[in-house]
file run_14.cif (mmCIF, C-alpha atoms)
data_run
#
loop_
_atom_site.group_PDB
_atom_site.id
_atom_site.type_symbol
_atom_site.label_atom_id
_atom_site.label_comp_id
_atom_site.auth_asym_id
_atom_site.auth_seq_id
_atom_site.Cartn_x
_atom_site.Cartn_y
_atom_site.Cartn_z
ATOM 1 C CA MET L 1 25.302 -19.675 26.756
ATOM 2 C CA ILE L 2 27.487 -17.408 24.595
ATOM 3 C CA ARG L 3 25.684 -14.377 23.287
ATOM 4 C CA ARG L 4 25.949 -13.770 19.529
ATOM 5 C CA ARG L 5 27.400 -10.271 20.056
ATOM 6 C CA ASP L 6 30.188 -11.611 22.313
ATOM 7 C CA PHE L 7 30.932 -14.416 19.866
ATOM 8 C CA ILE L 8 31.301 -12.019 16.929
ATOM 9 C CA ALA L 9 33.483 -9.700 19.005
ATOM 10 C CA GLY L 10 35.710 -12.596 20.003
ATOM 11 C CA LEU L 11 35.938 -13.801 16.426
ATOM 12 C CA ALA L 12 36.943 -10.327 15.259
ATOM 13 C CA GLY L 13 39.634 -10.141 17.947
ATOM 14 C CA ALA L 14 41.045 -13.498 16.950
ATOM 15 C CA ALA L 15 41.070 -12.485 13.309
ATOM 16 C CA ALA L 16 42.935 -9.313 14.166
ATOM 17 C CA ALA L 17 45.536 -11.391 15.977
ATOM 18 C CA TRP L 18 46.113 -13.840 13.110
ATOM 19 C CA PRO L 19 48.551 -11.658 11.111
ATOM 20 C CA VAL L 20 50.651 -11.098 14.239
ATOM 21 C CA ALA L 21 50.775 -14.808 14.998
ATOM 22 C CA ALA L 22 51.534 -15.611 11.383
ATOM 23 C CA ARG L 23 54.374 -13.120 11.335
ATOM 24 C CA GLY L 24 55.758 -14.596 14.523
ATOM 25 C CA GLN L 25 55.826 -18.041 12.918
ATOM 26 C CA GLU L 26 57.696 -16.915 9.813
ATOM 27 C CA PRO L 27 61.133 -18.549 9.781
ATOM 28 C CA ALA L 28 64.017 -16.170 10.398
ATOM 29 C CA VAL L 29 66.438 -15.706 7.516
ATOM 30 C CA PRO L 30 69.708 -17.654 7.828
ATOM 31 C CA VAL L 31 72.725 -15.737 9.106
ATOM 32 C CA VAL L 32 76.212 -15.986 7.582
ATOM 33 C CA GLY L 33 79.132 -15.139 9.848
ATOM 34 C CA PHE L 34 82.021 -13.199 8.299
ATOM 35 C CA LEU L 35 85.233 -13.346 10.333
ATOM 36 C CA ARG L 36 88.675 -11.942 9.577
ATOM 37 C CA SER L 37 91.624 -11.622 11.924
ATOM 38 C CA SER L 38 92.657 -8.376 10.219
ATOM 39 C CA ARG L 39 91.417 -4.808 10.412
ATOM 40 C CA VAL L 40 88.738 -3.671 7.995
ATOM 41 C CA GLU L 41 91.121 -1.106 6.423
ATOM 42 C CA GLY L 42 92.357 -2.421 3.104
ATOM 43 C CA PHE L 43 89.725 -5.167 2.944
ATOM 44 C CA ALA L 44 86.442 -3.300 2.681
ATOM 45 C CA ASP L 45 85.838 -4.954 -0.717
ATOM 46 C CA LEU L 46 85.759 -8.487 0.718
ATOM 47 C CA PRO L 47 82.288 -8.319 2.324
ATOM 48 C CA GLU L 48 80.858 -7.197 -1.023
ATOM 49 C CA ALA L 49 82.679 -10.097 -2.709
ATOM 50 C CA VAL L 50 80.977 -12.530 -0.302
ATOM 51 C CA ARG L 51 77.608 -10.909 -1.003
ATOM 52 C CA ALA L 52 78.241 -11.297 -4.752
ATOM 53 C CA GLY L 53 78.912 -15.017 -4.276
ATOM 54 C CA LEU L 54 75.779 -15.406 -2.181
ATOM 55 C CA ARG L 55 73.748 -13.740 -4.938
ATOM 56 C CA GLU L 56 75.042 -16.344 -7.386
ATOM 57 C CA SER L 57 73.543 -18.972 -5.062
ATOM 58 C CA GLY L 58 70.198 -17.203 -4.855
ATOM 59 C CA TYR L 59 70.714 -15.269 -1.612
ATOM 60 C CA GLU L 60 70.276 -11.522 -1.339
ATOM 61 C CA VAL L 61 71.284 -9.744 1.871
ATOM 62 C CA GLY L 62 68.252 -8.003 3.313
ATOM 63 C CA ARG L 63 65.838 -10.332 1.547
ATOM 64 C CA ASN L 64 66.581 -13.967 2.403
ATOM 65 C CA VAL L 65 69.946 -13.899 4.193
ATOM 66 C CA ALA L 66 71.782 -11.752 6.747
ATOM 67 C CA ILE L 67 75.508 -11.341 7.470
ATOM 68 C CA GLU L 68 77.191 -10.738 10.832
ATOM 69 C CA TYR L 69 80.661 -9.158 10.460
ATOM 70 C CA ARG L 70 83.508 -9.561 12.924
ATOM 71 C CA TRP L 71 87.045 -8.114 12.530
ATOM 72 C CA GLY L 72 89.944 -9.094 14.798
ATOM 73 C CA ASP L 73 91.921 -5.878 14.215
ATOM 74 C CA ASP L 74 95.156 -7.916 13.996
ATOM 75 C CA GLN L 75 94.705 -9.087 17.582
ATOM 76 C CA THR L 76 94.569 -12.875 17.365
ATOM 77 C CA ASP L 77 93.765 -13.194 21.066
ATOM 78 C CA ARG L 78 90.357 -11.640 20.304
ATOM 79 C CA LEU L 79 89.372 -14.388 17.874
ATOM 80 C CA PRO L 80 87.982 -16.971 20.346
ATOM 81 C CA ALA L 81 85.519 -14.404 21.740
ATOM 82 C CA LEU L 82 84.473 -13.317 18.239
ATOM 83 C CA VAL L 83 83.923 -16.946 17.228
ATOM 84 C CA ASP L 84 81.819 -17.486 20.360
ATOM 85 C CA GLU L 85 79.677 -14.453 19.478
ATOM 86 C CA LEU L 86 78.956 -15.847 16.014
ATOM 87 C CA ILE L 87 78.140 -19.333 17.252
ATOM 88 C CA ARG L 88 75.761 -17.949 19.888
ATOM 89 C CA LYS L 89 74.011 -15.770 17.284
ATOM 90 C CA PRO L 90 73.602 -18.462 15.891
ATOM 91 C CA VAL L 91 75.075 -18.436 12.378
ATOM 92 C CA ALA L 92 74.362 -21.100 9.771
ATOM 93 C CA VAL L 93 77.850 -20.923 8.227
ATOM 94 C CA ILE L 94 81.054 -18.963 8.849
ATOM 95 C CA VAL L 95 83.283 -17.464 6.133
ATOM 96 C CA ALA L 96 86.734 -16.889 7.638
ATOM 97 C CA ASN L 97 90.345 -16.178 6.756
ATOM 98 C CA GLY L 98 93.032 -18.742 7.520
ATOM 99 C CA VAL L 99 94.307 -17.137 10.712
ATOM 100 C CA ALA L 100 90.845 -17.460 12.281
ATOM 101 C CA VAL L 101 90.395 -21.159 11.484
ATOM 102 C CA SER L 102 92.237 -22.504 14.541
ATOM 103 C CA SER L 103 89.921 -20.580 16.861
ATOM 104 C CA ILE L 104 86.857 -21.845 14.996
ATOM 105 C CA LYS L 105 88.048 -25.472 15.049
ATOM 106 C CA ALA L 106 88.616 -25.215 18.804
ATOM 107 C CA ALA L 107 85.047 -23.969 19.303
ATOM 108 C CA THR L 108 82.921 -26.151 17.021
ATOM 109 C CA THR L 109 82.917 -29.294 14.909
ATOM 110 C CA THR L 110 79.378 -28.797 13.650
ATOM 111 C CA VAL L 111 78.986 -25.225 12.344
ATOM 112 C CA PRO L 112 79.939 -25.247 8.626
ATOM 113 C CA VAL L 113 83.032 -23.186 7.794
ATOM 114 C CA VAL L 114 84.244 -21.811 4.449
ATOM 115 C CA PHE L 115 87.847 -20.631 4.763
ATOM 116 C CA VAL L 116 89.971 -18.479 2.474
ATOM 117 C CA THR L 117 93.638 -19.191 3.056
ATOM 118 C CA GLY L 118 97.061 -18.728 1.533
ATOM 119 C CA THR L 119 98.301 -22.038 2.942
ATOM 120 C CA ASP L 120 97.769 -25.744 2.287
ATOM 121 C CA PRO L 121 94.692 -26.777 4.341
ATOM 122 C CA VAL L 122 95.605 -30.471 4.128
ATOM 123 C CA ARG L 123 99.081 -29.874 5.531
ATOM 124 C CA ASP L 124 97.569 -27.611 8.196
ATOM 125 C CA GLY L 125 95.245 -30.434 9.253
ATOM 126 C CA TRP L 126 91.978 -28.657 8.491
ATOM 127 C CA VAL L 127 90.723 -31.109 5.841
ATOM 128 C CA THR L 128 91.550 -34.676 4.875
ATOM 129 C CA SER L 129 91.973 -33.908 1.167
ATOM 130 C CA PHE L 130 91.228 -31.222 -1.409
ATOM 131 C CA ASN L 131 88.652 -33.383 -3.202
ATOM 132 C CA ARG L 132 86.869 -34.727 -0.107
ATOM 133 C CA PRO L 133 87.487 -32.359 2.800
ATOM 134 C CA GLY L 134 85.313 -34.253 5.297
ATOM 135 C CA GLY L 135 84.136 -32.679 8.549
ATOM 136 C CA ASN L 136 82.646 -29.210 8.724
ATOM 137 C CA LEU L 137 85.286 -27.250 6.765
ATOM 138 C CA THR L 138 85.924 -26.481 3.125
ATOM 139 C CA GLY L 139 87.070 -23.383 1.270
ATOM 140 C CA ILE L 140 89.449 -21.701 -1.137
ATOM 141 C CA SER L 141 93.247 -21.868 -1.083
ATOM 142 C CA PHE L 142 95.303 -19.331 -3.012
ATOM 143 C CA LEU L 143 98.788 -20.427 -1.861
ATOM 144 C CA SER L 144 100.308 -16.942 -2.105
ATOM 145 C CA GLY L 145 103.728 -18.155 -0.994
ATOM 146 C CA GLU L 146 104.112 -20.106 -4.213
ATOM 147 C CA THR L 147 104.053 -16.865 -6.245
ATOM 148 C CA ALA L 148 106.970 -15.363 -4.283
ATOM 149 C CA GLY L 149 109.385 -16.366 -7.039
ATOM 150 C CA LYS L 150 107.284 -14.643 -9.690
ATOM 151 C CA ARG L 151 107.141 -11.420 -7.652
ATOM 152 C CA LEU L 152 110.921 -11.550 -7.255
ATOM 153 C CA GLU L 153 111.352 -11.999 -11.014
ATOM 154 C CA LEU L 154 109.039 -9.076 -11.860
ATOM 155 C CA LEU L 155 110.725 -6.774 -9.357
ATOM 156 C CA ARG L 156 114.153 -7.621 -10.786
ATOM 157 C CA GLN L 157 112.893 -6.737 -14.261
ATOM 158 C CA LEU L 158 111.473 -3.443 -13.034
ATOM 159 C CA VAL L 159 114.734 -2.617 -11.230
ATOM 160 C CA PRO L 160 117.443 -4.091 -13.497
ATOM 161 C CA GLY L 161 120.864 -4.535 -11.962
ATOM 162 C CA VAL L 162 119.525 -4.261 -8.433
ATOM 163 C CA GLY L 163 121.927 -5.339 -5.701
ATOM 164 C CA ALA L 164 120.362 -6.505 -2.466
ATOM 165 C CA ILE L 165 116.598 -6.875 -2.240
ATOM 166 C CA GLY L 166 114.937 -6.588 1.138
ATOM 167 C CA ALA L 167 111.922 -8.572 2.261
ATOM 168 C CA LEU L 168 109.469 -8.136 5.127
ATOM 169 C CA VAL L 169 107.868 -11.317 6.450
ATOM 170 C CA ASP L 170 105.419 -12.010 9.279
ATOM 171 C CA PRO L 171 106.662 -15.321 10.775
ATOM 172 C CA ARG L 172 103.644 -16.044 12.985
ATOM 173 C CA THR L 173 101.621 -18.043 10.467
ATOM 174 C CA ASN L 174 102.260 -21.056 8.228
ATOM 175 C CA GLU L 175 101.644 -18.745 5.279
ATOM 176 C CA GLY L 176 104.474 -16.434 6.375
ATOM 177 C CA VAL L 177 106.856 -19.344 6.982
ATOM 178 C CA MET L 178 106.053 -20.809 3.563
ATOM 179 C CA GLU L 179 106.529 -17.456 1.848
ATOM 180 C CA ARG L 180 109.947 -16.979 3.448
ATOM 181 C CA ARG L 181 111.029 -20.464 2.369
ATOM 182 C CA ASP L 182 109.850 -19.979 -1.225
ATOM 183 C CA LEU L 183 111.416 -16.528 -1.436
ATOM 184 C CA GLU L 184 114.780 -17.781 -0.198
ATOM 185 C CA ALA L 185 114.690 -20.663 -2.710
ATOM 186 C CA ALA L 186 113.771 -18.333 -5.590
ATOM 187 C CA ALA L 187 116.545 -15.889 -4.698
ATOM 188 C CA GLN L 188 119.116 -18.662 -4.467
ATOM 189 C CA ALA L 189 118.070 -20.027 -7.870
ATOM 190 C CA VAL L 190 118.911 -16.691 -9.589
ATOM 191 C CA ARG L 191 121.798 -15.801 -7.236
ATOM 192 C CA GLN L 192 119.971 -12.764 -5.933
ATOM 193 C CA GLN L 193 121.104 -11.330 -2.622
ATOM 194 C CA ILE L 194 118.140 -11.001 -0.325
ATOM 195 C CA VAL L 195 117.840 -9.632 3.209
ATOM 196 C CA ILE L 196 114.782 -10.820 5.126
ATOM 197 C CA PHE L 197 113.329 -9.123 8.198
ATOM 198 C CA ASP L 198 110.708 -10.641 10.500
ATOM 199 C CA VAL L 199 108.160 -7.928 11.243
ATOM 200 C CA THR L 200 105.284 -8.180 13.733
ATOM 201 C CA THR L 201 105.114 -4.683 15.306
ATOM 202 C CA ASP L 202 105.355 -1.030 14.253
ATOM 203 C CA ARG L 203 108.669 -0.755 16.055
ATOM 204 C CA GLU L 204 110.114 -3.693 14.085
ATOM 205 C CA LEU L 205 108.727 -2.177 10.887
ATOM 206 C CA GLU L 206 110.480 1.160 11.409
ATOM 207 C CA SER L 207 113.684 -0.657 12.375
ATOM 208 C CA ALA L 208 113.511 -2.837 9.251
ATOM 209 C CA PHE L 209 113.261 0.170 6.924
ATOM 210 C CA THR L 210 116.181 1.853 8.681
ATOM 211 C CA SER L 211 118.275 -1.301 8.265
ATOM 212 C CA LEU L 212 117.269 -1.679 4.617
ATOM 213 C CA VAL L 213 118.550 1.800 3.823
ATOM 214 C CA GLU L 214 121.743 1.302 5.818
ATOM 215 C CA ARG L 215 122.455 -1.994 4.019
ATOM 216 C CA GLY L 216 121.891 -0.463 0.594
ATOM 217 C CA ALA L 217 118.839 -2.462 -0.450
ATOM 218 C CA GLY L 218 117.680 -1.419 -3.901
ATOM 219 C CA ALA L 219 114.155 -2.858 -3.791
ATOM 220 C CA LEU L 220 111.663 -4.464 -1.415
ATOM 221 C CA LEU L 221 109.244 -7.384 -1.312
ATOM 222 C CA ILE L 222 106.482 -7.296 1.290
ATOM 223 C CA GLY L 223 104.953 -10.513 2.553
ATOM 224 C CA VAL L 224 101.623 -11.562 3.996
ATOM 225 C CA GLY L 225 100.560 -12.198 7.576
ATOM 226 C CA PRO L 226 98.429 -10.650 10.329
ATOM 227 C CA PHE L 227 100.594 -7.578 10.882
ATOM 228 C CA LEU L 228 101.559 -6.699 7.311
ATOM 229 C CA THR L 229 98.220 -7.508 5.717
ATOM 230 C CA GLY L 230 96.019 -4.454 5.390
ATOM 231 C CA ARG L 231 98.745 -1.846 5.973
ATOM 232 C CA HIS L 232 98.903 -0.876 2.315
ATOM 233 C CA PRO L 233 99.011 2.945 2.662
ATOM 234 C CA GLN L 234 101.581 2.857 5.475
ATOM 235 C CA LEU L 235 103.874 0.409 3.660
ATOM 236 C CA ALA L 236 103.559 2.190 0.298
ATOM 237 C CA ALA L 237 104.388 5.534 1.929
ATOM 238 C CA LEU L 238 107.403 4.100 3.764
ATOM 239 C CA ALA L 239 108.715 2.486 0.591
ATOM 240 C CA LEU L 240 108.346 5.679 -1.438
ATOM 241 C CA ARG L 241 109.865 7.842 1.314
ATOM 242 C CA ASN L 242 112.914 5.574 1.380
ATOM 243 C CA LYS L 243 113.026 5.399 -2.441
ATOM 244 C CA LEU L 244 112.502 1.628 -2.458
ATOM 245 C CA PRO L 245 110.652 0.085 -5.422
ATOM 246 C CA ALA L 246 108.339 -2.360 -3.647
ATOM 247 C CA GLY L 247 106.000 -5.189 -4.559
ATOM 248 C CA ARG L 248 103.669 -7.614 -2.822
ATOM 249 C CA SER L 249 100.899 -10.099 -3.585
ATOM 250 C CA LEU L 250 97.886 -7.896 -2.800
ATOM 251 C CA ARG L 251 96.587 -5.462 -5.447
ATOM 252 C CA GLY L 252 95.524 -3.016 -2.732
ATOM 253 C CA PHE L 253 99.215 -2.254 -2.224
ATOM 254 C CA ALA L 254 99.665 -1.006 -5.799
ATOM 255 C CA GLU L 255 96.384 0.911 -5.537
ATOM 256 C CA ALA L 256 97.691 2.578 -2.364
ATOM 257 C CA GLY L 257 100.903 3.757 -4.073
ATOM 258 C CA GLY L 258 103.173 0.714 -4.089
ATOM 259 C CA LEU L 259 105.099 0.028 -7.293
ATOM 260 C CA MET L 260 103.535 -3.332 -8.160
ATOM 261 C CA SER L 261 101.495 -6.283 -7.007
ATOM 262 C CA TYR L 262 101.290 -9.817 -8.318
ATOM 263 C CA GLY L 263 99.216 -12.620 -6.857
ATOM 264 C CA THR L 264 95.907 -14.393 -6.837
ATOM 265 C CA SER L 265 92.802 -12.238 -6.569
ATOM 266 C CA ILE L 266 91.707 -12.268 -2.924
ATOM 267 C CA THR L 267 88.481 -10.543 -3.942
ATOM 268 C CA ASP L 268 87.608 -13.371 -6.339
ATOM 269 C CA ALA L 269 88.520 -15.949 -3.679
ATOM 270 C CA TYR L 270 85.989 -14.364 -1.311
ATOM 271 C CA ARG L 271 83.375 -14.335 -4.068
ATOM 272 C CA GLN L 272 83.909 -18.078 -4.400
ATOM 273 C CA ALA L 273 83.627 -18.391 -0.615
ATOM 274 C CA GLY L 274 80.283 -16.593 -0.741
ATOM 275 C CA LEU L 275 79.139 -18.971 -3.473
ATOM 276 C CA TYR L 276 80.093 -21.953 -1.292
ATOM 277 C CA ALA L 277 78.307 -20.420 1.711
ATOM 278 C CA GLY L 278 75.156 -20.197 -0.421
ATOM 279 C CA ARG L 279 75.468 -23.822 -1.511
ATOM 280 C CA ILE L 280 75.747 -24.849 2.149
ATOM 281 C CA LEU L 281 72.634 -22.814 2.969
ATOM 282 C CA ASN L 282 70.934 -24.746 0.165
ATOM 283 C CA GLY L 283 71.665 -27.998 1.975
ATOM 284 C CA GLU L 284 75.055 -29.174 0.705
ATOM 285 C CA LYS L 285 77.555 -30.433 3.277
ATOM 286 C CA PRO L 286 80.953 -28.681 3.495
ATOM 287 C CA GLY L 287 82.754 -32.010 3.723
ATOM 288 C CA ASN L 288 81.452 -32.886 0.244
ATOM 289 C CA LEU L 289 82.506 -29.601 -1.386
ATOM 290 C CA PRO L 290 86.084 -29.818 -2.722
ATOM 291 C CA VAL L 291 88.584 -27.199 -1.609
ATOM 292 C CA LEU L 292 89.079 -24.880 -4.595
ATOM 293 C CA GLN L 293 92.415 -23.600 -5.833
ATOM 294 C CA ALA L 294 92.130 -19.898 -6.629
ATOM 295 C CA SER L 295 93.084 -19.485 -10.272
ATOM 296 C CA LYS L 296 92.624 -15.785 -11.044
ATOM 297 C CA PHE L 297 95.959 -13.932 -10.955
ATOM 298 C CA GLU L 298 96.430 -10.160 -11.115
ATOM 299 C CA PHE L 299 99.494 -8.134 -12.028
ATOM 300 C CA VAL L 300 99.146 -4.416 -11.288
ATOM 301 C CA ILE L 301 101.713 -1.651 -11.906
ATOM 302 C CA ASN L 302 101.528 1.869 -10.527
ATOM 303 C CA LEU L 303 103.117 4.077 -13.219
ATOM 304 C CA LYS L 304 102.818 7.191 -11.065
ATOM 305 C CA THR L 305 104.999 5.528 -8.437
ATOM 306 C CA ALA L 306 107.418 4.264 -11.082
ATOM 307 C CA LYS L 307 107.907 7.834 -12.333
ATOM 308 C CA ALA L 308 108.405 9.124 -8.785
ATOM 309 C CA LEU L 309 111.137 6.515 -8.322
ATOM 310 C CA GLY L 310 112.751 7.327 -11.683
ATOM 311 C CA LEU L 311 111.993 3.901 -13.148
ATOM 312 C CA ALA L 312 111.202 3.230 -16.794
ATOM 313 C CA VAL L 313 108.746 0.332 -17.064
ATOM 314 C CA PRO L 314 109.789 -2.002 -19.941
ATOM 315 C CA MET L 315 107.167 -2.368 -22.667
ATOM 316 C CA HIS L 316 106.861 -6.129 -22.225
ATOM 317 C CA ILE L 317 106.152 -5.638 -18.503
ATOM 318 C CA HIS L 318 103.661 -2.886 -19.299
ATOM 319 C CA ALA L 319 101.891 -5.166 -21.772
ATOM 320 C CA ALA L 320 101.790 -8.065 -19.312
ATOM 321 C CA ALA L 321 100.029 -6.054 -16.606
ATOM 322 C CA ASP L 322 96.341 -6.683 -15.972
ATOM 323 C CA GLU L 323 96.011 -3.103 -14.791
ATOM 324 C CA VAL L 324 98.194 0.000 -15.043
ATOM 325 C CA ILE L 325 97.575 2.804 -12.571
ATOM 326 C CA GLU L 326 98.540 6.217 -13.982
#
call {"tool": "encode", "arguments": {"input": "run_14.cif", "output": "structure tokens"}}
result
Amino acid sequence: MIRRRDFIAGLAGAAAAWPVAARGQEPAVPVVGFLRSSRVEGFADLPEAVRAGLRESGYEVGRNVAIEYRWGDDQTDRLPALVDELIRKPVAVIVANGVAVSSIKAATTTVPVVFVTGTDPVRDGWVTSFNRPGGNLTGISFLSGETAGKRLELLRQLVPGVGAIGALVDPRTNEGVMERRDLEAAAQAVRQQIVIFDVTTDRELESAFTSLVERGAGALLIGVGPFLTGRHPQLAALALRNKLPAGRSLRGFAEAGGLMSYGTSITDAYRQAGLYAGRILNGEKPGNLPVLQASKFEFVINLKTAKALGLAVPMHIHAAADEVIE
């Protein structure tokens, strides 16, 4: 027979344990994986852009969602291990740049993926179509190579009468190959002499700048790719030291001291990726979410750099800029 005192004591103990048990049964918040092949330098704004997109979908980091960040530091051979870490976490969805997609596809066909890429994901074989991606991938494409002609045109207007224009391209990705092709076609269309250097290491970078000076290049276009992406301060300093007016697609380059940038907003593309990640957390399937074409373009001029190079920025170019850094 159970004594009343023992029964009450046992009941009190069980009651004290209820909150602990209840807390243990609370579902864990979903985890979003953030993966870039690059270094964090030059891209510290992208995680916040993803968080902004998640907020638009009703998810606040620290309240009802968590993010695991992984950076490849420009070492593509590290990507498979980083992908494995995220999958084992496990994450509910991965937001990744284009260079990381191959490693993700090799590791999983079930974890949803939202990519941000400067290439054509249909041509790359990631999705079946823009409207109906199918499978576990969708994302945002900003096709930066297609704006190569516009960057060439703007640079020619900023440096009128320029002779040869140099270009630095990272040939290791489809994006770099496409950019080189589009740049060559644009230069041929306006009969502009252009000298292109493939650059994948610091040694090749230093050699390229030496050759540009020796060959009398009067301006420089800098491409995308794992090596060049994120090296804004280094590239801006090298261009200024060698008195080369330089432009590229990423606004961070102009902010770091480059003459100009023109291209789609990578920050806005990652905001859209965060929004898509939130929609997937809400139950939508990535294969049913159409691949978006990034549509926000930014033209930034650094007037301080223009003055240091002895360039007078034409009024119509000044007026066309979305931002002027003084």
call {"tool": "resolve_selection", "arguments": {"input": "run_14.cif", "expression": "the PyMOL selection byres ((chain L and resi 305) around 10)", "output": "list in words"}}
result
Ala236, Leu240, Pro245, Ala246, Ala254, Ala256, Gly257, Gly258, Leu259, Met260, Ile301, Asn302, Leu303, Lys304, Ala306, Lys307, Ala308, Leu309, Gly310, Leu311, Ile325 and Glu326 of chain L
call {"tool": "atom_distance", "arguments": {"input": "run_14.cif", "atom1": "atom CA of L:Asp322", "atom2": "atom CA of L:Thr264"}}
result
12.0 Å
call {"tool": "closest_residue", "arguments": {"input": "run_14.cif", "among": "L:Ala148, L:Ala185, L:Leu35, L:Leu79", "to": "L:Val114", "atoms": "all atoms listed in the file"}}
result
L:Leu35
call {"tool": "resolve_selection", "arguments": {"input": "run_14.cif", "expression": "the PyMOL selection byres ((chain L and resi 56-58) around 7)", "output": "PDB file with C-alpha atoms, keeping the file's coordinate frame"}}
result
ATOM      1  CA  ALA L  52      78.241 -11.297  -4.752  1.00  0.00           C
ATOM      2  CA  GLY L  53      78.912 -15.017  -4.276  1.00  0.00           C
ATOM      3  CA  LEU L  54      75.779 -15.406  -2.181  1.00  0.00           C
ATOM      4  CA  ARG L  55      73.748 -13.740  -4.938  1.00  0.00           C
ATOM      5  CA  TYR L  59      70.714 -15.269  -1.612  1.00  0.00           C
ATOM      6  CA  GLU L  60      70.276 -11.522  -1.339  1.00  0.00           C
ATOM      7  CA  LEU L 275      79.139 -18.971  -3.473  1.00  0.00           C
ATOM      8  CA  GLY L 278      75.156 -20.197  -0.421  1.00  0.00           C
ATOM      9  CA  ARG L 279      75.468 -23.822  -1.511  1.00  0.00           C
TER      10      ARG L 279
END
call {"tool": "closest_residue", "arguments": {"input": "run_14.cif", "among": "L:Pro233, L:Pro290, L:Pro226, L:Gly218", "to": "L:Glu175", "atoms": "all atoms listed in the file"}}
result
L:Pro226
call {"tool": "residues_near_point", "arguments": {"input": "run_14.cif", "point": "(106.4, -17.5, 2.9)", "cutoff": "8 Å", "atoms": "all atoms listed in the file", "output": "PyMOL selection string"}}
result
chain L and resi 144-146+148+169+174-183+223-224
call {"tool": "closest_residue", "arguments": {"input": "run_14.cif", "among": "L:Ala273, L:Val61, L:Ile94, L:Ala320", "to": "L:Ser141", "atoms": "all atoms listed in the file"}}
result
L:Ala273
call {"tool": "resolve_selection", "arguments": {"input": "run_14.cif", "expression": "the PyMOL selection byres ((chain L and resi 140) around 9)", "output": "PyMOL selection string"}}
result
chain L and resi 114-118+138-139+141-142+269-270+272-273+290-294
call {"tool": "residues_around", "arguments": {"input": "run_14.cif", "residues": "L:Thr128", "least_positions_apart": "3", "cutoff": "12 Å", "atoms": "all atoms listed in the file", "output": "list in words"}}
result
Asp120, Pro121, Val122, Arg123, Asp124, Gly125, Asn131, Arg132, Pro133, Gly134, Gly135, Asn136, Leu137, Thr138, Gly287, Asn288, Pro290 and Val291 of chain L
call {"tool": "write_last_selection", "arguments": {"input": "run_14.cif", "atoms": "C-alpha atoms", "output": "PDB file, keeping the file's coordinate frame"}}
result
ATOM      1  CA  ASP L 120      97.769 -25.744   2.287  1.00  0.00           C
ATOM      2  CA  PRO L 121      94.692 -26.777   4.341  1.00  0.00           C
ATOM      3  CA  VAL L 122      95.605 -30.471   4.128  1.00  0.00           C
ATOM      4  CA  ARG L 123      99.081 -29.874   5.531  1.00  0.00           C
ATOM      5  CA  ASP L 124      97.569 -27.611   8.196  1.00  0.00           C
ATOM      6  CA  GLY L 125      95.245 -30.434   9.253  1.00  0.00           C
ATOM      7  CA  ASN L 131      88.652 -33.383  -3.202  1.00  0.00           C
ATOM      8  CA  ARG L 132      86.869 -34.727  -0.107  1.00  0.00           C
ATOM      9  CA  PRO L 133      87.487 -32.359   2.800  1.00  0.00           C
ATOM     10  CA  GLY L 134      85.313 -34.253   5.297  1.00  0.00           C
ATOM     11  CA  GLY L 135      84.136 -32.679   8.549  1.00  0.00           C
ATOM     12  CA  ASN L 136      82.646 -29.210   8.724  1.00  0.00           C
ATOM     13  CA  LEU L 137      85.286 -27.250   6.765  1.00  0.00           C
ATOM     14  CA  THR L 138      85.924 -26.481   3.125  1.00  0.00           C
ATOM     15  CA  GLY L 287      82.754 -32.010   3.723  1.00  0.00           C
ATOM     16  CA  ASN L 288      81.452 -32.886   0.244  1.00  0.00           C
ATOM     17  CA  PRO L 290      86.084 -29.818  -2.722  1.00  0.00           C
ATOM     18  CA  VAL L 291      88.584 -27.199  -1.609  1.00  0.00           C
TER      19      VAL L 291
END
call {"tool": "residues_around", "arguments": {"input": "run_14.cif", "residues": "L:Leu86", "least_positions_apart": "3", "cutoff": "9 Å", "atoms": "only C-alpha atoms", "output": "MDAnalysis selection string"}}
result
chainID L and resid 32:35 68:70 81:83 89:91 94
call {"tool": "atom_distance", "arguments": {"input": "run_14.cif", "atom1": "atom CA of L:Leu212", "atom2": "atom CA of L:Ile194"}}
result
10.6 Å
call {"tool": "atom_distance", "arguments": {"input": "run_14.cif", "atom1": "atom CA of L:Ser249", "atom2": "atom CA of L:Asp268"}}
result
14.0 Å
call {"tool": "closest_residue", "arguments": {"input": "run_14.cif", "among": "L:Pro112, L:Arg63, L:Ile165, L:Arg36", "to": "L:Pro286", "atoms": "only C-alpha atoms"}}
result
L:Pro112
call {"tool": "closest_residue", "arguments": {"input": "run_14.cif", "among": "L:His318, L:Lys243, L:Arg151, L:Arg172", "to": "L:Ile222", "atoms": "all atoms listed in the file"}}
result
L:Arg151
call {"tool": "closest_residue", "arguments": {"input": "run_14.cif", "among": "L:Leu228, L:Val101, L:Met315, L:Leu289", "to": "L:Gly42", "atoms": "only C-alpha atoms"}}
result
L:Leu228
call {"tool": "residues_around", "arguments": {"input": "run_14.cif", "residues": "L:Leu281", "least_positions_apart": "5", "cutoff": "8 Å", "atoms": "only C-alpha atoms", "output": "mmCIF file with C-alpha atoms, in the frame of the given file"}}
result
data_model
loop_
_atom_site.group_PDB
_atom_site.id
_atom_site.type_symbol
_atom_site.label_atom_id
_atom_site.label_comp_id
_atom_site.auth_asym_id
_atom_site.auth_seq_id
_atom_site.Cartn_x
_atom_site.Cartn_y
_atom_site.Cartn_z
ATOM 1 C CA PRO L 30 69.708 -17.654 7.828
ATOM 2 C CA ALA L 92 74.362 -21.100 9.771
ATOM 3 C CA VAL L 93 77.850 -20.923 8.227
#
call {"tool": "residues_near_point", "arguments": {"input": "run_14.cif", "point": "(101.4, -0.3, 14.1)", "cutoff": "10 Å", "atoms": "only C-alpha atoms", "output": "list in words"}}
result
Asp74, Thr200, Thr201, Asp202, Arg203, Glu204, Leu205, Glu206, Phe227, Leu228, Arg231 and Gln234 of chain L
